[in-house]
Structures are given as structure tokens and as C-alpha cells.
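Presented below is the structure to which this report refers.
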Amino acid sequence: MFSAEGERLRQREAPLAARMRPRTLDEFVGQEHLVGEGHILRRLMETDSVPSILFWGPPGTGKTTLARIIAQMTQAEFAPVSAVSAGVADLRQIVSQAKERRALENRRTILFIDEIHRFNKAQQDAVLPYVEDGTVTLIGATTENPSFEVIGPLLSRCRVFTLHALSPEEVALIVRRALADEERGLSAAAGMGKERLEVDDETIEALSASVGGDARIALNALEMAAASAKPSPPKAGGVRRVTRPLIEEALQQRTYLYDKAGDAHYDTISAFIKSVRGSDPDAALYWLARMIESGEDPLFIVRRMVILAAEDIGLADPQALVVATACQQAVHFIGLPEGFLPMAECAIYLATAPKSNTALTAYTRALKDVRETQGEPVPLHLRNAVTGLMRQLGYGKGYKYAHDYEEHYAEQQHLPDRLAGRRYYQPGELGFEAKIKEWWEKLGKREAGGGKREE
């Protein structure tokens with residue numbers, strides 16, 4: 001009796017997110033591409049043929065919950081460990097119990113490893129033979145790309161299922177269930193009293209849109225806001241009204257899904273660079289703000305803008321590199337928070353500038369010849385005749401000093417003999433490069449369209 005009462009009290013005092021954890025697929029919200037009617041994971045669960053699995057997705061999207069539901073539906077023992085605190089000894093103990101359970105009860109064991117990406121190679125190796133021989137069915141949960149964080153042999157024995165961040169509508173549904181559920185919901189919490197809770201639709205929608213698809217954050221914020229709401233006097237109905245300001249205060253600072261060493265880091269900077277390259281200043285500013293708000297190193301962002309100025313804008317607007325370098329100096333000098341101003345200015349300038357990658361393509365062509373030839377000798381007329389012997393050998397003989405000629409240009413060979421006539425740089429049609437092209441055509445240096453070109 002006492003133990004049952006203690007369990008009830010423990011349930012009432014558990015965080016709202018834990019109490020509202022779905023117990024069946026019917027209660028589960030989101031991930032329709034996996035558990036919707038007729039979809040792959042649901043079929044595997046219904047036919048009791050779930051293989052070893054890796055769930056990859058953002059926090060608060062149902063990875064642990066799905067693992068528990070799978071164990072319940074397949075009547076398997078659920079053996080959870082956290083890679084943060086567990087070691088090889090813990091794994092061996094679970095494996096030993098799984099072997100005994102299989103022998104005595106003919107019952108399978110699901111080994112659930114939360115944050116499996118935190119296991120090192122030796123720890124993952126320790127699991128491998130027991131996954132391979134079926135002693136345990138592994139379900140690993142990770143927020144990091146399994147391709148990089150899970151060893152190849154283990155990865156090849158698991159099916160990877162990707163979970164997506166919940167939509168605001170799905171989060172709102174979970175929040176409304178927590179408000180309506182009298183057994184496990186918000187009103188069932190110890191210490192909440194008998195007051196009636198009121199949360200209007202606008203507040204629910206604002207909360208649901210502010211958590212980045214993480215249901216756990218939404219429920220935690222709702223619980224904190226409700227606990228801090230002052231009930232109205234009994235004569236007025238004793239209502240706890242959860243308002244939008246209370247929710248915003250509970251959230252404090254929105255938590256962004258961002259890991260400076262993980263996929264979010266590389267995916268977000270990639271989106272930023274491609275937005276600037278694609279001449280979309282609005283998208284560039286959005287991704288810039290996302291990175292700054294997530295705590296990204298501002299100098300990392302600016303370094304990428306300096307590279308982009310030379311790689312993707314180049315001579316179409318030579319001023320772009322000047323602006324990007326000035327931005328780097330400004331951000332280094334003033335830091336954050338004010339550093340967002342030169343960064344925003346630079347991002348807009350680069351996004352709206354004409355684009356050219358001729359510096360990259362020209363250098364790539366030249367590098368190809370450097371690597372495919374064997375240190376071609378410098379033509380004699382380009383060598384510096386420092387001594388009398390050098391002059392006798394013809395060093396510098398026949399060199400044309402450009403400033404002695406009309407338009408400060410003299411036609412002569414500057415490449416090694418074997419590469420004479422190669423054309424690496426081809427000016428583009430936009431911005432300053434159009435002027436370069438016009439100037440070369442005036443000199444007769446190259447025909448419009450380029451002359452001989454080395455691809």
C-alpha cells in the first residue's frame with residue numbers, strides 16, 4: 001500500500017514532460033513519416049520485427065518515447081542507459097541479464113542507449129557482438145549525424161531513422177493535451193492546488209512557435225509559467241491565468257538547436273554562404289542572426305565572408321574583399337553585441353554585389369598546369385641579371401619594360417615556353433570585370449571570348 005502511494009506521489013511530483021510522455025502510438029504526436037498508418041516503423045512494430053535502430057533527430061522529438069513504446073508493443077524488456085554516465089561494465093551487466101532472460105523466459109531485451117554519440121569507439125565495440133548475435137536489440141538515440149559519430153560496423157547493423165523537429169501545430173496539440181489531461185496533466189501536479197488553469201489560444205500558439213519544435217521545452221516552460229501565476233481570489237473563481245508574458249519569462253532565452261562542432265554548425269553556415277552567393281540578402285540576414293543568437297564565434301562567420309568575397313564575388317566587385325576585411329577588423333575591435341552591425345552591413349553588401357568566381361577558376365587552371373608539369377624554367381628575358389655572368393648567359397635580354405610602351409603595355413611571353421599561350425583567367429560579364437574585358441579588347445591582348453583557354 002505504501003509503495004503504491006509512494007509511486008503515485010512520485011508521478012505527481014515528476015516534471016510535466018515526464019508525466020505526459022506518450023504510452024502508446026495513439027498518444028504519440030509527430031513523425032508521421034515513420035509511425036503513421038502504413039509507414040515503415042509502425043509496420044515493423046505491429047509485426048514484432050523491429051531490428052536494431054538508431055534514432056537521429058533534434059531534442060524533444062520523441063526518440064526515447066518511441067523506444068519505450070517499441071519495447072511495450074513487442075513485450076521486450078526495456079534496459080535504458082545514458083552514454084553520459086554508463087560504461088562498459090554497465091553494458092556487460094545488461095548483456096548478462098539479457099542472456100539469462102532469453103534462456104529462462106524466452107524474452108528479448110531492448111538495450112536503449114541515449115546520446116549514443118557520446119560513447120567512444122571501445123564502448124561501441126563492446127556492444128557490437130551482442131547486437132550481431134541478437135542477444136540484445138539496440139536502439140540508440142542521437143542528436144548528431146550517425147555517419148560521423150557511430151562506428152562503421154555498428155552502423156551497418158542498425159537501421160537509421162531520422163526524426164524531424166515538431167511543427168508548431170504538433171507542439172500546440174501536446175500543450176493542449178497537458179492542459180486537458182486530469183490524470184497526468186498540469187492540474188494533476190502536486191502543489192498546484194485546486195485552482196482552474198486558463199491559457200488562451202494566442203499564448204499557446206506563441207509558446208508553440210518559440211521552442212524550435214522541442215516539446216520538452218514547451219512543457220517545461222508551461223509548467224514553470226503555471227507555477228508562477230498568481231491565482232485570483234476564491235470569490236473570483238480561483239483561476240490561474242497563464243499569460244504570454246509569463247510564458248516569455250519562463251522561456252527567458254529561446255534555446256536554439258545549434259552545436260558548434262556538429263551538423264547544425266556546418267548546415268547553418270552553409271545556408272548562410274549559399275544565400276549570399278545566391279544574392280538573397282534577406283535569407284543571408286536570417287541565417288546570420290540565427291548563428292549570432294546561437295552563440296557562434298563571430299570571427300568564424302566573418303572569416304567565411306572574407307573567403308566568399310574573393311571566391312564568389314572577386315573581380316566583379318573588388319571592393320567586396322575590402323568591405324569583408326574591414327568587417328573582420330571592426331568585429332575584432334568592437335566584439336559583440338554591437339559587432340552585429342558591421343556583420344549585417346557586410347552580409348547585405350556581399351549578397352547584393354555582382355558575382356564572379358573567376359579568381360577561383362583561374363587559379364584552379366593554373367594549379368593544374370603547375371602540378372602536371374615539372375618545374376618549367378623561367379624564360380631568360382624574365383630573369384633578373386644581377387651579375388655579369390648572368391648577363392653573359394642572356395638573363396634579362398629582350399625584356400620589355402611595360403611603362404616604356406603605349407598604354408603601359410608590351411606584348412611579350414611571360415609563361416614558360418612549354419605553357420606559352422595558356423589562358424587561365426577569363427573575365428566575367430558583370431561589374432568591374434566587364435571593364436577588364438573591355439580594356440583587354442582595346443589592347444588587343446585577347447579576343448572577346450578569350451583566345452586559347454586551358455580548362
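Residue numbering restarts at 1 in every chain; chains get A, B, ... in the order shown in the C-alpha cells, and ligands count up from 1 in that same order.
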
Residue neighbourhood stretch 223-229 of chain A, 10 Å, only C-alpha atoms, exclusion window fewer than 2 positions, as a PyMOL selection string: chain A and resi 15-17+178-179+185-187+189+191-192+197-199+217-221+231-232+239-251

For atom CA of A:Val331 and atom CA of A:Pro298, the interatomic separation in Å (one decimal): 7.4 Å

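Nearest residue to A:Pro146 among A:Lys368, A:Lys355, A:Arg304, A:Arg118 is A:Arg118, counting only C-alpha atoms.
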
Stretch 19-23 of chain A environment, 12 Å, only C-alpha atoms, sequence neighbours closer than 5 positions dropped, as a PyMOL selection string: chain A and resi 8-14+28-30+60-73+174-190+215-216+218-220+223

Store the residues picked out above in a file with C-alpha atoms, as a compact mmCIF listing (two decimals), in the first residue's frame.
# COMPACT_ATOMS: atom_id res chain seq x y z
CA ARG A 8 1.54 7.92 -7.11
CA LEU A 9 3.30 10.76 -5.26
CA ARG A 10 6.41 10.29 -7.39
CA GLN A 11 4.31 10.50 -10.54
CA ARG A 12 2.59 13.68 -9.33
CA GLU A 13 5.94 15.31 -8.49
CA ALA A 14 7.62 14.31 -11.76
CA PHE A 28 2.34 9.84 -29.90
CA VAL A 29 2.45 13.14 -31.82
CA GLY A 30 4.57 13.78 -34.91
CA GLY A 60 12.35 16.78 -27.72
CA THR A 61 11.07 14.98 -30.81
CA GLY A 62 10.24 11.59 -29.27
CA LYS A 63 13.33 9.38 -29.61
CA THR A 64 13.20 7.97 -26.07
CA THR A 65 9.42 7.77 -26.13
CA LEU A 66 9.41 5.74 -29.33
CA ALA A 67 11.97 3.35 -27.88
CA ARG A 68 9.76 2.78 -24.83
CA ILE A 69 6.66 2.25 -26.98
CA ILE A 70 8.53 -0.27 -29.13
CA ALA A 71 9.50 -2.23 -26.01
CA GLN A 72 5.94 -2.17 -24.76
CA MET A 73 4.39 -3.20 -28.09
CA ILE A 174 0.85 18.39 -26.97
CA VAL A 175 0.43 21.54 -24.86
CA ARG A 176 -3.37 21.36 -25.07
CA ARG A 177 -3.29 17.70 -24.02
CA ALA A 178 -1.20 18.64 -20.98
CA LEU A 179 -3.81 21.23 -20.04
CA ALA A 180 -6.75 18.88 -20.52
CA ASP A 181 -5.40 15.64 -19.01
CA GLU A 182 -6.73 15.41 -15.46
CA GLU A 183 -4.69 12.31 -14.59
CA ARG A 184 -1.19 13.32 -15.72
CA GLY A 185 -1.56 16.89 -16.95
CA LEU A 186 -0.71 20.23 -15.44
CA SER A 187 -3.58 20.34 -12.98
CA ALA A 188 -2.55 16.92 -11.58
CA ALA A 189 0.80 18.20 -10.32
CA ALA A 190 1.50 18.24 -6.58
CA ALA A 215 8.04 19.52 -26.98
CA ARG A 216 10.04 19.13 -23.76
CA ALA A 218 7.34 23.77 -24.33
CA LEU A 219 6.02 21.63 -21.46
CA ASN A 220 8.74 22.77 -19.06
CA GLU A 223 4.75 24.20 -16.10

Which of A:Asp417, A:Glu441, A:Asp48, A:Glu293 sits closest to A:Pro377 [using only C-alpha atoms]: A:Asp417

Atom CA of A:Ala326 to atom CA of A:Ser294, distance in Å rounded to a single decimal: 23.8 Å

Selection: 9 Å around A:Ala362, only C-alpha atoms, excl. self and same-chain fewer than 4 positions, as a ChimeraX atom specification: /A:357-358,366-367,423-426,455

Which of A:Gln329, A:Thr47, A:Thr268, A:Ser52 sits closest to A:Glu296 [using only C-alpha atoms]: A:Thr268

Two-atom distance - atom CA of A:Gln75, atom CA of A:Glu105 (Å): 11.6 Å

Those of stretch 132-316 of chain A in DSSP strand (DSSP E or B), formatted as a VMD selection string: chain A and resid 137 to 142 159 to 162 196 to 199 231 239 to 242
